[in-house]
Structure formats: C-alpha cells, structure tokens
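Novice: Got a file for you: structure_0.txt, compact mmCIF, C-alpha atoms.
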# COMPACT_ATOMS: atom_id res chain seq x y z
CA MET A 1 132.08 26.66 -37.29
CA ALA A 2 130.77 27.20 -40.83
CA ASP A 3 127.48 29.07 -41.20
CA PHE A 4 125.21 26.62 -43.04
CA ARG A 5 123.20 29.52 -44.50
CA LEU A 6 126.25 30.93 -46.31
CA ILE A 7 126.99 27.53 -47.83
CA ALA A 8 123.32 27.19 -48.80
CA ASP A 9 123.55 30.63 -50.45
CA ARG A 10 126.42 29.43 -52.65
CA ILE A 11 124.55 26.29 -53.71
CA ALA A 12 121.43 28.38 -54.32
CA GLU A 13 123.44 30.68 -56.61
CA ASP A 14 124.65 27.67 -58.58
CA ILE A 15 121.04 26.56 -59.02
CA VAL A 16 119.74 29.99 -60.03
CA THR A 17 122.55 30.55 -62.54
CA GLY A 18 122.15 27.09 -64.04
CA ARG A 19 125.49 25.65 -62.96
CA LEU A 20 123.40 23.03 -61.22
CA GLY A 21 120.73 22.01 -63.69
CA PRO A 22 117.12 20.96 -63.13
CA GLY A 23 116.87 17.36 -61.96
CA GLN A 24 120.59 17.14 -61.13
CA GLN A 25 121.31 15.06 -58.05
CA LEU A 26 123.33 16.58 -55.22
CA PRO A 27 126.02 14.36 -53.69
CA PRO A 28 125.23 12.33 -50.55
CA GLN A 29 125.49 14.51 -47.47
CA ARG A 30 128.58 12.75 -46.12
CA TRP A 31 130.42 13.41 -49.43
CA PHE A 32 129.19 17.00 -49.43
CA ALA A 33 130.49 17.43 -45.86
CA ARG A 34 133.87 16.03 -46.82
CA ARG A 35 134.15 18.21 -49.94
CA HIS A 36 133.28 21.39 -48.04
CA ARG A 37 135.19 20.39 -44.91
CA ILE A 38 132.18 20.74 -42.65
CA ALA A 39 130.52 18.50 -40.12
CA PRO A 40 127.90 16.02 -41.41
CA SER A 41 125.34 17.75 -39.19
CA THR A 42 126.11 21.07 -40.92
CA ALA A 43 125.70 19.43 -44.32
CA GLY A 44 122.31 18.19 -43.19
CA ARG A 45 121.32 21.75 -42.24
CA VAL A 46 122.48 23.04 -45.65
CA TYR A 47 120.33 20.50 -47.45
CA GLY A 48 117.43 21.25 -45.14
CA GLU A 49 117.73 24.97 -45.90
CA LEU A 50 117.72 24.30 -49.65
CA VAL A 51 114.57 22.20 -49.24
CA ARG A 52 112.98 24.99 -47.18
CA ARG A 53 113.71 27.49 -49.96
CA GLY A 54 112.06 25.20 -52.51
CA LEU A 55 115.25 24.80 -54.54
CA VAL A 56 115.74 21.07 -54.05
CA VAL A 57 113.63 18.09 -53.09
CA GLY A 58 114.85 15.24 -50.90
CA GLU A 59 113.49 11.78 -51.58
CA VAL A 60 113.87 8.91 -49.14
CA GLY A 61 116.10 6.20 -50.56
CA ARG A 62 116.94 8.18 -53.70
CA GLY A 63 118.76 11.37 -52.74
CA THR A 64 118.40 15.13 -53.12
CA PHE A 65 117.61 16.69 -56.51
CA VAL A 66 117.55 20.21 -57.91
CA ARG A 67 113.95 21.21 -58.53
CA ALA A 68 113.09 21.75 -62.14
CA ALA A 69 110.23 24.08 -61.28
CA PRO A 70 110.01 26.75 -58.60
CA ALA A 71 108.01 25.94 -55.50
CA VAL A 72 104.39 27.07 -55.54
CA ALA A 73 104.35 30.63 -54.26
CA GLN A 74 102.98 30.99 -50.75
CA GLY A 75 99.31 31.86 -50.77
CA ARG A 76 98.85 31.02 -54.47
CA ALA A 77 98.49 27.25 -54.31
CA LEU A 78 97.26 26.70 -57.85
CA ILE A 79 94.51 29.32 -57.62
CA GLU A 80 96.02 32.06 -59.76
CA THR A 81 97.72 32.25 -63.12
CA ALA A 82 101.45 32.22 -62.39
CA THR A 83 102.96 30.88 -65.58
CA SER A 84 103.81 32.28 -68.97
CA ALA A 85 103.28 28.90 -70.63
CA PRO A 86 100.86 29.14 -73.60
CA VAL A 87 98.91 26.09 -72.38
CA ASN A 88 98.15 26.09 -68.67
CA LEU A 89 97.18 22.66 -67.32
CA GLU A 90 98.01 23.87 -63.82
CA LEU A 91 95.10 26.27 -63.40
CA ASN A 92 91.84 24.32 -63.20
CA TYR A 93 88.64 26.36 -63.24
CA PRO A 94 85.77 25.05 -65.39
CA SER A 95 83.63 27.38 -67.48
CA ALA A 96 80.37 26.80 -69.33
CA ALA A 97 79.26 28.33 -72.61
CA GLY A 98 77.07 31.38 -72.02
CA GLN A 99 78.02 31.41 -68.35
CA SER A 100 78.45 35.18 -68.04
CA GLU A 101 75.13 35.98 -69.74
CA LEU A 102 73.31 33.48 -67.54
CA VAL A 103 74.80 34.88 -64.33
CA ALA A 104 74.24 38.49 -65.39
CA ALA A 105 70.53 37.96 -66.08
CA SER A 106 70.07 36.47 -62.63
CA LEU A 107 71.92 39.35 -60.95
CA ALA A 108 69.92 42.11 -62.66
CA PRO A 109 67.18 42.33 -59.98
CA LEU A 110 69.86 42.93 -57.33
CA LEU A 111 70.79 46.22 -58.98
CA ARG A 112 67.48 47.90 -58.07
CA ALA A 113 68.19 50.61 -55.51
CA ASP A 114 65.87 49.24 -52.82
CA VAL A 115 67.23 45.69 -53.14
CA LEU A 116 70.82 46.86 -53.42
CA THR A 117 70.57 48.85 -50.20
CA GLU A 118 69.81 45.68 -48.26
CA ALA A 119 72.40 43.62 -50.15
CA MET A 120 75.16 46.10 -49.29
CA ARG A 121 74.80 45.65 -45.53
CA PRO A 122 77.60 43.79 -43.70
CA GLY A 123 77.36 40.00 -43.79
CA ALA A 124 77.23 37.81 -40.70
CA ALA A 125 78.94 34.45 -40.32
CA ASP A 126 75.58 32.68 -40.33
CA GLY A 127 74.34 34.65 -43.33
CA THR A 128 70.59 35.00 -43.68
CA ALA A 129 67.71 32.59 -43.24
CA ALA A 130 67.17 32.58 -47.01
CA ALA A 131 70.86 31.85 -47.65
CA ARG A 132 70.88 28.96 -45.16
CA GLU A 133 67.79 27.35 -46.69
CA SER A 134 69.14 27.86 -50.21
CA ALA A 135 72.55 26.39 -49.38
CA ALA A 136 71.01 23.40 -47.62
CA ARG A 137 68.98 22.55 -50.75
CA LEU A 138 72.02 23.01 -52.98
CA LEU A 139 74.32 20.79 -50.92
CA ALA A 140 71.85 17.96 -50.30
CA VAL A 141 72.63 14.55 -51.82
CA PRO A 142 70.78 11.23 -51.55
CA GLY A 143 70.87 10.06 -47.94
CA TRP A 144 72.05 13.40 -46.52
CA ARG A 145 70.63 16.89 -46.21
CA PRO A 146 72.31 19.65 -44.18
CA ASP A 147 70.47 21.27 -41.30
CA PRO A 148 70.13 24.94 -42.37
CA ALA A 149 70.58 26.05 -38.76
CA GLN A 150 74.12 24.65 -38.78
CA LEU A 151 75.32 26.49 -41.90
CA LEU A 152 77.90 29.28 -41.87
CA PHE A 153 79.28 31.27 -44.80
CA THR A 154 82.70 32.53 -45.84
CA GLY A 155 84.08 34.40 -48.82
CA ASN A 156 85.18 31.14 -50.44
CA ALA A 157 85.79 27.48 -49.64
CA ARG A 158 89.46 28.06 -48.80
CA GLN A 159 88.41 30.42 -46.04
CA ALA A 160 85.93 27.81 -44.81
CA ILE A 161 88.78 25.29 -44.49
CA ALA A 162 90.87 27.83 -42.59
CA ALA A 163 88.01 28.69 -40.24
CA ALA A 164 87.21 25.05 -39.52
CA LEU A 165 90.84 24.18 -38.75
CA ALA A 166 91.40 27.36 -36.71
CA SER A 167 88.39 26.49 -34.55
CA LEU A 168 89.48 22.89 -34.03
CA VAL A 169 93.26 22.88 -33.73
CA ARG A 170 95.57 24.89 -31.50
CA PRO A 171 99.06 25.90 -32.70
CA GLY A 172 101.27 22.83 -32.57
CA GLY A 173 98.29 20.52 -32.96
CA ARG A 174 98.29 17.64 -35.43
CA VAL A 175 95.88 17.16 -38.33
CA GLY A 176 95.68 13.88 -40.21
CA VAL A 177 95.47 14.22 -44.01
CA GLU A 178 95.80 12.03 -47.08
CA GLU A 179 99.42 11.55 -48.16
CA LEU A 180 98.68 13.82 -51.12
CA THR A 181 96.53 16.82 -50.34
CA TYR A 182 95.25 20.14 -51.64
CA PRO A 183 98.30 22.48 -51.64
CA LEU A 184 96.51 25.36 -49.94
CA VAL A 185 95.83 23.15 -46.93
CA LYS A 186 99.58 22.97 -46.43
CA GLU A 187 99.73 26.77 -46.60
CA ILE A 188 96.82 27.16 -44.16
CA ALA A 189 98.43 24.72 -41.73
CA GLY A 190 101.71 26.65 -41.87
CA ARG A 191 99.99 29.94 -41.08
CA LEU A 192 98.02 28.40 -38.21
CA GLY A 193 101.10 26.65 -36.80
CA VAL A 194 99.43 23.28 -37.36
CA VAL A 195 101.31 20.06 -38.18
CA LEU A 196 99.96 17.95 -41.04
CA VAL A 197 100.41 14.20 -40.58
CA PRO A 198 100.17 12.04 -43.74
CA LEU A 199 97.94 8.96 -43.49
CA ALA A 200 98.57 5.89 -45.62
CA GLY A 201 95.78 4.90 -47.97
CA ASP A 202 94.83 2.51 -50.75
CA ALA A 203 92.43 2.49 -53.68
CA GLU A 204 89.46 2.86 -51.31
CA GLY A 205 90.81 5.87 -49.39
CA VAL A 206 92.58 6.46 -46.08
CA ARG A 207 93.17 3.16 -44.30
CA PRO A 208 91.44 2.94 -40.90
CA ASP A 209 94.37 0.99 -39.42
CA ALA A 210 96.77 3.75 -40.50
CA LEU A 211 94.57 6.41 -38.91
CA ALA A 212 94.24 4.43 -35.69
CA ALA A 213 98.01 3.82 -35.48
CA VAL A 214 98.90 7.49 -36.05
CA HIS A 215 96.35 8.68 -33.50
CA ARG A 216 97.56 6.11 -30.98
CA ALA A 217 101.20 7.18 -31.39
CA ALA A 218 100.41 10.89 -30.88
CA PRO A 219 96.79 12.11 -30.74
CA LEU A 220 95.41 14.03 -33.69
CA SER A 221 93.28 17.13 -33.17
CA ALA A 222 91.35 16.75 -36.42
CA LEU A 223 91.18 14.94 -39.74
CA TYR A 224 90.99 16.66 -43.16
CA LEU A 225 89.64 14.52 -46.02
CA GLN A 226 88.62 14.88 -49.66
CA PRO A 227 86.55 11.70 -50.00
CA THR A 228 84.88 12.65 -53.29
CA LEU A 229 87.08 13.35 -56.34
CA HIS A 230 90.21 13.76 -54.28
CA ASN A 231 92.58 16.42 -55.56
CA PRO A 232 94.98 15.46 -57.19
CA THR A 233 94.22 11.76 -57.81
CA SER A 234 90.46 12.14 -58.55
CA SER A 235 89.76 9.02 -56.47
CA THR A 236 86.51 8.65 -54.53
CA THR A 237 86.45 6.83 -51.22
CA SER A 238 84.21 3.76 -51.33
CA GLU A 239 81.03 3.75 -49.29
CA ARG A 240 82.31 0.76 -47.32
CA ARG A 241 85.48 2.64 -46.39
CA ARG A 242 83.51 5.75 -45.46
CA GLY A 243 81.49 3.65 -43.05
CA GLU A 244 84.64 2.16 -41.50
CA LEU A 245 86.26 5.56 -41.11
CA GLY A 246 83.02 7.00 -39.75
CA ASP A 247 82.84 4.33 -37.07
CA LEU A 248 86.48 4.93 -36.19
CA VAL A 249 86.30 8.72 -35.84
CA VAL A 250 83.18 8.36 -33.70
CA ALA A 251 85.00 5.88 -31.45
CA LEU A 252 88.00 8.23 -31.24
CA GLY A 253 85.92 11.39 -30.88
CA LEU A 254 88.00 12.87 -33.71
CA PRO A 255 86.61 15.93 -35.55
CA VAL A 256 86.64 15.78 -39.37
CA VAL A 257 86.80 18.47 -42.04
CA GLU A 258 85.22 17.07 -45.21
CA ASP A 259 86.16 19.01 -48.35
CA ARG A 260 83.42 18.52 -50.97
CA ILE A 261 84.47 21.25 -53.43
CA TRP A 262 84.48 18.89 -56.47
CA SER A 263 81.62 16.67 -55.27
CA PHE A 264 79.05 18.40 -57.51
CA LEU A 265 80.55 16.40 -60.40
CA ARG A 266 79.69 13.11 -58.64
CA PRO A 267 76.07 13.43 -57.46
CA ASP A 268 76.02 9.68 -56.79
CA ALA A 269 78.63 9.96 -54.01
CA ALA A 270 77.13 10.38 -50.56
CA ALA A 271 78.57 12.73 -47.97
CA PHE A 272 81.02 11.40 -45.40
CA ALA A 273 79.14 13.57 -42.91
CA ALA A 274 76.27 11.09 -43.04
CA HIS A 275 78.50 8.59 -41.20
CA ALA A 276 79.69 10.98 -38.46
CA PRO A 277 77.29 13.95 -38.35
CA GLY A 278 78.24 14.94 -34.82
CA LEU A 279 81.90 15.40 -35.76
CA THR A 280 82.05 16.39 -39.43
CA HIS A 281 82.55 19.96 -40.66
CA VAL A 282 81.57 20.08 -44.35
CA VAL A 283 83.28 22.55 -46.69
CA ASP A 284 81.93 23.45 -50.12
CA GLY A 285 81.49 26.52 -52.29
CA LEU A 286 80.47 28.09 -55.58
CA SER A 287 83.88 28.70 -57.18
CA LYS A 288 83.79 25.55 -59.31
CA ARG A 289 80.02 25.48 -59.79
CA VAL A 290 79.80 29.14 -60.88
CA ALA A 291 83.11 31.03 -61.28
CA PRO A 292 86.21 31.73 -59.17
CA GLY A 293 85.50 35.45 -58.95
CA LEU A 294 81.82 34.99 -58.00
CA THR A 295 81.88 32.71 -55.00
CA VAL A 296 80.66 31.95 -51.51
CA GLY A 297 82.06 29.34 -49.16
CA PHE A 298 79.72 27.00 -47.29
CA LEU A 299 80.64 25.56 -43.91
CA LEU A 300 78.28 23.10 -42.27
CA VAL A 301 79.21 22.50 -38.64
CA PRO A 302 78.06 19.87 -36.13
CA GLU A 303 75.44 20.75 -33.56
CA GLY A 304 76.88 22.92 -30.82
CA ARG A 305 79.82 24.13 -32.94
CA ALA A 306 78.29 27.16 -34.69
CA GLU A 307 79.39 29.70 -32.07
CA ALA A 308 83.04 28.54 -31.94
CA VAL A 309 83.43 28.24 -35.70
CA GLY A 310 81.54 31.50 -36.26
CA ALA A 311 84.03 33.23 -33.96
CA ALA A 312 86.88 31.87 -36.10
CA VAL A 313 85.17 33.16 -39.25
CA ARG A 314 84.78 36.64 -37.75
CA SER A 315 88.29 36.85 -36.27
CA GLY A 316 89.83 35.74 -39.56
CA GLY A 317 87.84 38.32 -41.53
CA TRP A 318 86.41 35.49 -43.59
CA SER A 319 82.70 36.33 -43.54
CA ALA A 320 80.89 36.28 -46.87
CA GLY A 321 79.67 39.61 -48.21
CA ARG A 322 75.92 40.17 -48.08
CA PHE A 323 75.80 40.92 -51.82
CA ALA A 324 77.48 37.59 -52.55
CA LEU A 325 74.97 35.78 -50.34
CA GLU A 326 72.03 37.46 -52.05
CA ALA A 327 73.52 36.56 -55.45
CA ALA A 328 73.98 32.93 -54.40
CA VAL A 329 70.36 32.73 -53.25
CA ARG A 330 69.15 34.07 -56.60
CA TRP A 331 71.45 31.83 -58.65
CA THR A 332 70.12 28.82 -56.78
CA ALA A 333 66.45 29.83 -56.92
CA ASP A 334 66.60 30.79 -60.62
CA GLY A 335 68.16 27.47 -61.57
CA VAL A 336 71.43 29.12 -62.69
CA VAL A 337 73.60 26.93 -60.49
CA ARG A 338 71.75 23.79 -61.57
CA ARG A 339 72.19 24.63 -65.26
CA LEU A 340 75.86 25.45 -64.84
CA VAL A 341 76.47 22.23 -62.92
CA GLU A 342 74.75 20.17 -65.64
CA GLU A 343 76.82 21.84 -68.36
CA LYS A 344 80.06 21.41 -66.44
CA ARG A 345 79.37 17.72 -65.85
CA ALA A 346 78.93 17.30 -69.59
CA ASP A 347 82.05 19.38 -70.24
CA ALA A 348 84.10 17.26 -67.83
CA ALA A 349 82.95 14.10 -69.65
CA ARG A 350 84.02 15.57 -73.03
CA ARG A 351 87.43 16.49 -71.62
CA GLN A 352 87.84 13.01 -70.18
CA ALA A 353 87.21 11.65 -73.68
CA ILE A 354 89.93 13.98 -74.98
CA LEU A 355 92.28 12.72 -72.27
CA THR A 356 91.60 9.11 -73.28
CA GLU A 357 92.04 9.73 -77.01
CA HIS A 358 95.07 12.00 -76.94
CA LEU A 359 97.04 10.79 -73.91
CA THR A 360 95.92 7.46 -72.46
CA ALA A 361 95.53 5.78 -75.86
CA HIS A 362 98.92 7.07 -77.00
CA LEU A 363 100.56 5.76 -73.84
CA THR A 364 99.00 2.35 -74.45
CA GLU A 365 100.28 2.30 -78.03
CA GLN A 366 103.76 3.12 -76.77
CA GLY A 367 103.75 0.20 -74.36
CA GLY A 368 102.40 2.04 -71.35
CA VAL A 369 104.41 5.19 -70.61
CA GLY A 370 103.33 5.58 -67.01
CA THR A 371 99.84 5.25 -65.56
CA VAL A 372 97.05 7.82 -65.78
CA ARG A 373 94.64 7.74 -62.85
CA THR A 374 91.40 9.65 -63.18
CA ASP A 375 87.62 9.47 -62.87
CA PRO A 376 85.24 9.84 -65.85
CA HIS A 377 83.53 12.69 -63.98
CA ALA A 378 86.69 14.59 -63.00
CA TYR A 379 88.33 17.75 -64.31
CA PHE A 380 91.84 16.54 -63.54
CA ALA A 381 94.06 13.49 -63.90
CA TRP A 382 97.04 12.11 -61.98
CA TRP A 383 99.82 10.84 -64.23
CA GLU A 384 102.30 8.47 -62.55
CA LEU A 385 105.36 8.90 -64.76
CA PRO A 386 107.49 6.08 -66.10
CA THR A 387 111.05 5.48 -64.96
CA PRO A 388 113.41 7.35 -65.17
CA TRP A 389 111.21 10.48 -65.24
CA ARG A 390 110.90 12.51 -62.06
CA ALA A 391 108.08 14.96 -61.47
CA ASP A 392 110.23 18.07 -61.55
CA THR A 393 112.23 17.10 -64.63
CA PHE A 394 109.04 16.25 -66.51
CA THR A 395 107.49 19.57 -65.42
CA ALA A 396 110.52 21.37 -66.85
CA ALA A 397 110.38 19.36 -70.08
CA ALA A 398 106.66 20.16 -70.43
CA ALA A 399 107.37 23.86 -69.83
CA ALA A 400 110.00 23.78 -72.57
CA HIS A 401 107.15 22.79 -74.92
CA GLY A 402 104.94 25.61 -73.62
CA ILE A 403 102.79 23.46 -71.30
CA ALA A 404 102.40 24.06 -67.55
CA VAL A 405 101.60 21.03 -65.38
CA THR A 406 101.71 20.63 -61.61
CA PRO A 407 104.46 18.40 -60.16
CA GLY A 408 103.53 15.88 -57.49
CA THR A 409 105.73 17.72 -55.01
CA ALA A 410 103.04 20.42 -54.74
CA PHE A 411 100.65 17.90 -53.18
CA ALA A 412 103.02 15.76 -51.09
CA VAL A 413 102.65 16.25 -47.33
CA ASP A 414 105.97 14.56 -46.54
CA PRO A 415 108.67 16.49 -48.46
CA HIS A 416 110.89 13.41 -48.40
CA ARG A 417 108.30 11.18 -50.08
CA THR A 418 107.49 12.92 -53.32
CA PRO A 419 105.72 11.00 -56.08
CA ASP A 420 107.06 10.81 -59.61
CA ALA A 421 103.77 12.11 -60.95
CA VAL A 422 102.11 15.26 -62.27
CA ARG A 423 98.56 16.55 -62.09
CA LEU A 424 96.92 17.58 -65.33
CA GLY A 425 94.17 20.18 -64.97
CA LEU A 426 91.68 19.63 -67.78
CA ALA A 427 89.25 22.47 -67.14
CA SER A 428 90.86 25.71 -68.28
CA ALA A 429 92.38 25.15 -71.73
CA PRO A 430 90.14 25.24 -74.84
CA GLU A 431 89.38 21.71 -76.03
CA GLU A 432 91.49 21.79 -79.21
CA GLU A 433 94.41 23.26 -77.27
CA LEU A 434 93.99 20.60 -74.59
CA ALA A 435 94.14 17.82 -77.20
CA ARG A 436 97.34 19.20 -78.74
CA ALA A 437 98.94 19.61 -75.33
CA LEU A 438 98.13 16.04 -74.30
CA ARG A 439 99.59 14.64 -77.53
CA THR A 440 102.74 16.67 -76.95
CA LEU A 441 103.05 15.43 -73.36
CA ALA A 442 102.71 11.82 -74.52
CA ALA A 443 105.55 12.35 -76.99
CA VAL A 444 107.70 14.05 -74.34
CA ALA A 445 107.20 11.14 -71.95
CA ALA A 446 108.04 8.58 -74.63
CA GLY A 447 111.23 10.45 -75.51
CA GLY A 448 112.64 10.16 -72.00
CA PRO A 449 114.28 12.83 -69.81
CA PRO A 450 117.34 14.83 -70.81
CA GLY A 451 120.59 12.98 -70.22
CA ARG A 452 121.68 15.31 -67.46
CA ALA A 453 118.59 14.64 -65.31
CA GLY A 454 119.95 12.67 -62.38
CA GLY A 455 117.96 9.72 -61.16
Do you think you could lay out the structure here as structure tokens?

Specialist:
Amino acid sequence: MADFRLIADRIAEDIVTGRLGPGQQLPPQRWFARRHRIAPSTAGRVYGELVRRGLVVGEVGRGTFVRAAPAVAQGRALIETATSAPVNLELNYPSAAGQSELVAASLAPLLRADVLTEAMRPGAADGTAAARESAARLLAVPGWRPDPAQLLFTGNARQAIAAALASLVRPGGRVGVEELTYPLVKEIAGRLGVVLVPLAGDAEGVRPDALAAVHRAAPLSALYLQPTLHNPTSSTTSERRRGELGDLVVALGLPVVEDRIWSFLRPDAAAFAAHAPGLTHVVDGLSKRVAPGLTVGFLLVPEGRAEAVGAAVRSGGWSAGRFALEAAVRWTADGVVRRLVEEKRADAARRQAILTEHLTAHLTEQGGVGTVRTDPHAYFAWWELPTPWRADTFTAAAAAHGIAVTPGTAFAVDPHRTPDAVRLGLASAPEEELARALRTLAAVAAGGPPGRAGG
C-alpha cells in the first residue's frame, strides 16, 4: 500500500520548485488516484496532507488549488511583520502623530524609585483596585458599564481570549464562531484542542436560527463573537440582532466570549454583554488604542466566574505585569488613551476617504471590479474579488507589485469554503503609500489573473 505522505512529499516538491504554479488546479482526486495507481481513499489522504501543510486549498464545488501565498505561520496570525513587501497592508496597527512623546510624558512619574519599586512587584490576575476602576471607566459605553469587581487582566487581548476559552471549553469541545474569524482564534483553538464550528450569518450578524440548529445537532460549549467592527469584514451586528442572539444564548445557557478589540472606533455601538451579562466574557485591550508593544488585556467575566477564569490566566502564564497595569492606569487618568483614541478615529476616517478615492471609485469607473465592504470608522476593508480572481492568486499578484494583503483563507474557519476575497489593512502604511498601493491593486484587479491561474 502506497504511503500517502511520500506521495504528498513529491507533490510538495513540485509546488516548492514551481513546477506546480500558484493558483494551479490539481486534478480531481479520482483522476489523481488513477494516474498514481493508488486507491481513491489514499488520494484523499494525499490531498488532505497538502491542505494540512498549507500548500493547497480545497474549495467545495470547485476543486483543489495550489496556494499562491504561504499559510500564516503558527502563532503569528497577522500580528508580526512577516513579509518583505515594501507596502504591508497585512499588518494593521494604527499610530497617532506624537504618540511616543505623549506616552513617554505620562510614564515619567513611574520612573521614580519609590513608585518603581511598587510597580515592579508581580501582577495578579485581578490586578489592583485602581486598575479595575480605571479599566471599567475606559470600557464603559452608553447603556453598559463593567463591574470593576469582575475585571481580570492579561498581558494582551489575545491572552484574554485564550484564558476565557480555556476556562470554558474542555479539549474536544465545540465553540461556535462566525464563518470568518480572527486568525489567532483558530491558532488558540488548535492549541487548546478545541473545535471551531462556523455559524452562518447575514448582513446583521450571526443568524439565530443557524446558532440554534448547530447547538441542537451537537451542543456547543461556548460562542466567540466580534459584534463590533468584525475582523475581517468590518461589519457591526445590529442592535436588533444582538437582542435576538442575547435572548437565545440565555435560553440555551451558552457562554459567550465577546471580542471588542476594535470597538473603540465605534463608540455608538453598545456591548453585546448588555444583552446577556450573566454569560458574556468581554475581551478588550490597549494594543490598538495605544501601541502593540505597550499593552494590557482586559477580561470582564460574569459574576461567579472570576476564580475559574483567574486560574486559567495564572496557569497559562498570562497575567499582566504590574508595571503595565500602573502605566495603563496613568494613561487613562492623564487622558492619554482618550487623546490617542480621538486621533485614531480621525485617522481611520482619513484612511477610509483614501480607500474610497483610490480603490472604490476606480472599481466603479471600471464597471465594478469586485465589491469592497467596509465601515467608515474601520481600519480595514474586505474586498470580494471579481471572477475569475481567487484570493491566493490575487495575493500573489499583489506581492509581485510589492504589496502584501491577507487572503481570505487566513480567516475562513472551514478550509473547504474559502472566500475569493482579501483583507486590506489600512492602518500601518503612510497615507501617500497607501493611496499608491490601492491604485495599483485596482489596476491589478482590472487586468485579470495570469493565464495559468486555474479556476
């Protein structure tokens, strides 16, 4: 019996050496089995192994295609620079003018010896009383204010997600998520041995009937949602839909992890936690508000959950440092966070205007080359590509022009249902560079994919 791994190695070599080009379609599995004189089941295992290695992507009803871009490295998940492209629209961290000077001035009092001695003590999962009060004020939105007693702290928001899921879901458990989700959640789930289950949605968010049907078929242990400025589509769940989902999770007794990391850009959007306070674990942080290297993760837990979630924070080594907590308190009290948030909201609006002028308008002039979905407050956009473009072939074409974008495959929960779309991060590139890159991408899309890209 042929070893499927050896056959996969040969196909992998063809891909790495370029004999099988980006976007090229592999033959149907039954033809592949016949050509290699192996059983159809072995051919299926070969294709599955190539998918596992991130070399190909299988799409229901379309076939299996060579990936034009390498899979996101484990543990990176769009949080580190991992491209040599001159213009990086994959990385997405906003920055405000004068940000470093503003932060430095606020930190200066912490460097006094007497204050620094206290700030260098080990941090606890529940932080300090001052940190809890400060975070509660920072996170409050109209109609919802966190209870300071229910706040925990981690090194960053990603660790808060991991701690919440680790405390809620046993290995093998199922977590409902949007069909497209934050890539690191897929990584966290893999490390925890948790199964992510995609939930169908519409323009208003996850559909309650889809959630109910999935839970009825095989019970979920938790639900992970990004209801405000969902990454990657930038959609915001309507208040009506939040109420419907809130009623449903309460009826099901289903815990929720609400990721609010981009919500500071939409102060008008209420928290989902207001609809199911006894079940919702709210995740937020300072990485986007302040800077990725100066951050604290916030984790608001329902009443009675602090001990269990705190244990997960401690066992994972995810507690926030005391210095970081003291810095966060000062940034909030001094108005630094508020000023940075105001400037970044204005910056996001300017970059949305650039997106409209240099990409959306060009696409309209060209007869509509795909559809750009975004929010006027967001730092990213979701570009549904026109036929016959595929996400990976477009990513490769963009890279050939020195522009890094994120293919839809990075966000897809079901590896066999990958969208022909890319996410454009608007935050990191200088504005003039961003404009040039968007004009170039519009021209690339209009020109169509290379002739060898299978479709």

Novice: Give me, as a ChimeraX atom specification, all polymer residues having an atom no more than 12 Å from Gly190 in chain A, counting all atoms listed in the file and skipping those fewer than 3 positions away in the same chain.

Specialist: /A:74-75,162,165-166,171-175,183-187,193-196,413

Novice: Have a look at CA of Leu107 in chain A and CA of Ala327 in chain A and let me know their distance in Å, one decimal.

Specialist: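 Taking CA of Leu107 in chain A as the start and CA of Ala327 in chain A as the end point, the length is 6.4 Å.
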
Novice: At a cut-off of 12 Å, using all atoms listed in the file, what residues contact range 42-45 of chain A? Leave out same-chain residues fewer than 2 positions from it and give the result as a VMD selection string.

Specialist: chain A and resid 1 to 8 11 26 to 40 47 to 52 58 64

Novice: By how many Å are CA of Arg345 in chain A and CA of Leu265 in chain A apart?

Specialist: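 Rounded to one decimal, the two atoms are 5.7 Å apart.
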
Novice: Go through range 227-247 of chain A and flag each residue having an atom no more than 12 Å from range 280-284 of chain A; for those, report the closest pair of atoms plus their distance in Å to one decimal, using only C-alpha atoms, ordered by chain and rising number, as JSON lines.

Specialist:
{"residue": "A:Pro227", "atom": "CA", "partner": "A:Val282", "partner_atom": "CA", "distance": 11.3}
{"residue": "A:Thr228", "atom": "CA", "partner": "A:Asp284", "partner_atom": "CA", "distance": 11.6}
{"residue": "A:Leu245", "atom": "CA", "partner": "A:Thr280", "partner_atom": "CA", "distance": 11.7}
{"residue": "A:Gly246", "atom": "CA", "partner": "A:Thr280", "partner_atom": "CA", "distance": 9.4}

Novice: Work out how far CA of Pro388 in chain A is from CA of Thr406 in chain A, in Å to one decimal.

Specialist: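 CA of Pro388 in chain A lies 18.1 Å from CA of Thr406 in chain A.
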
Novice: With all atoms listed in the file as the atoms that count, which of A:Leu359, A:Val56, A:Ala291, A:Ala445 lies nearest to Pro386 in chain A?

Specialist: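 Counting all atoms listed in the file, the residue closest to Pro386 in chain A is A:Ala445.
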
Novice: Determine, counting all atoms listed in the file, which protein, DNA and RNA residues have an atom within 9 Å of an atom of Pro376 in chain A; residues of the same chain fewer than 2 positions away are not included. Present the result as a PyMOL selection string.

Specialist: chain A and resi 348-349+352-353+374+378-379

Novice: Limited to C-alpha atoms, could you put the picked residues into a file as an mmCIF file, in the frame of the given file?

Specialist:
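Output (selection.cif):
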data_model
loop_
_atom_site.group_PDB
_atom_site.id
_atom_site.type_symbol
_atom_site.label_atom_id
_atom_site.label_comp_id
_atom_site.auth_asym_id
_atom_site.auth_seq_id
_atom_site.Cartn_x
_atom_site.Cartn_y
_atom_site.Cartn_z
ATOM 1 C CA ALA A 348 84.100 17.260 -67.830
ATOM 2 C CA ALA A 349 82.950 14.100 -69.650
ATOM 3 C CA GLN A 352 87.840 13.010 -70.180
ATOM 4 C CA ALA A 353 87.210 11.650 -73.680
ATOM 5 C CA THR A 374 91.400 9.650 -63.180
ATOM 6 C CA ALA A 378 86.690 14.590 -63.000
ATOM 7 C CA TYR A 379 88.330 17.750 -64.310
#

Novice: Need to verify the contact set: range 305-307 of chain A, 12 Å, all atoms listed in the file, exclusion of same-chain residues closer than 5 positions in sequence. Can you return it as a PyMOL selection string?

Specialist: chain A and resi 125-126+147-153+163-164+167-168+255+277-281+299-300+312-314

Novice: Do you know which residues are at most 8 Å from Ser287 in chain A counting only C-alpha atoms, after dropping those on the same chain fewer than 3 positions away, and could you put them as a short mmCIF file (atom, residue, chain, number, x, y, z; two decimals) with C-alpha atoms, keeping the file's coordinate frame?

Specialist:
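The resulting file, part12.cif, is shown below:
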data_model
loop_
_atom_site.label_atom_id
_atom_site.label_comp_id
_atom_site.auth_asym_id
_atom_site.auth_seq_id
_atom_site.Cartn_x
_atom_site.Cartn_y
_atom_site.Cartn_z
CA ASN A 156 85.18 31.14 -50.44
CA ALA A 157 85.79 27.48 -49.64
CA VAL A 290 79.80 29.14 -60.88
CA ALA A 291 83.11 31.03 -61.28
CA PRO A 292 86.21 31.73 -59.17
CA GLY A 293 85.50 35.45 -58.95
CA LEU A 294 81.82 34.99 -58.00
CA THR A 295 81.88 32.71 -55.00
CA VAL A 296 80.66 31.95 -51.51
#

Novice: Would you mind telling me which residue in A:Leu110, A:Leu385, A:Ile354, A:Val369 lies nearest to Ala435 in chain A when using only C-alpha atoms?

Specialist: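 The closest residue to Ala435 in chain A is A:Ile354.
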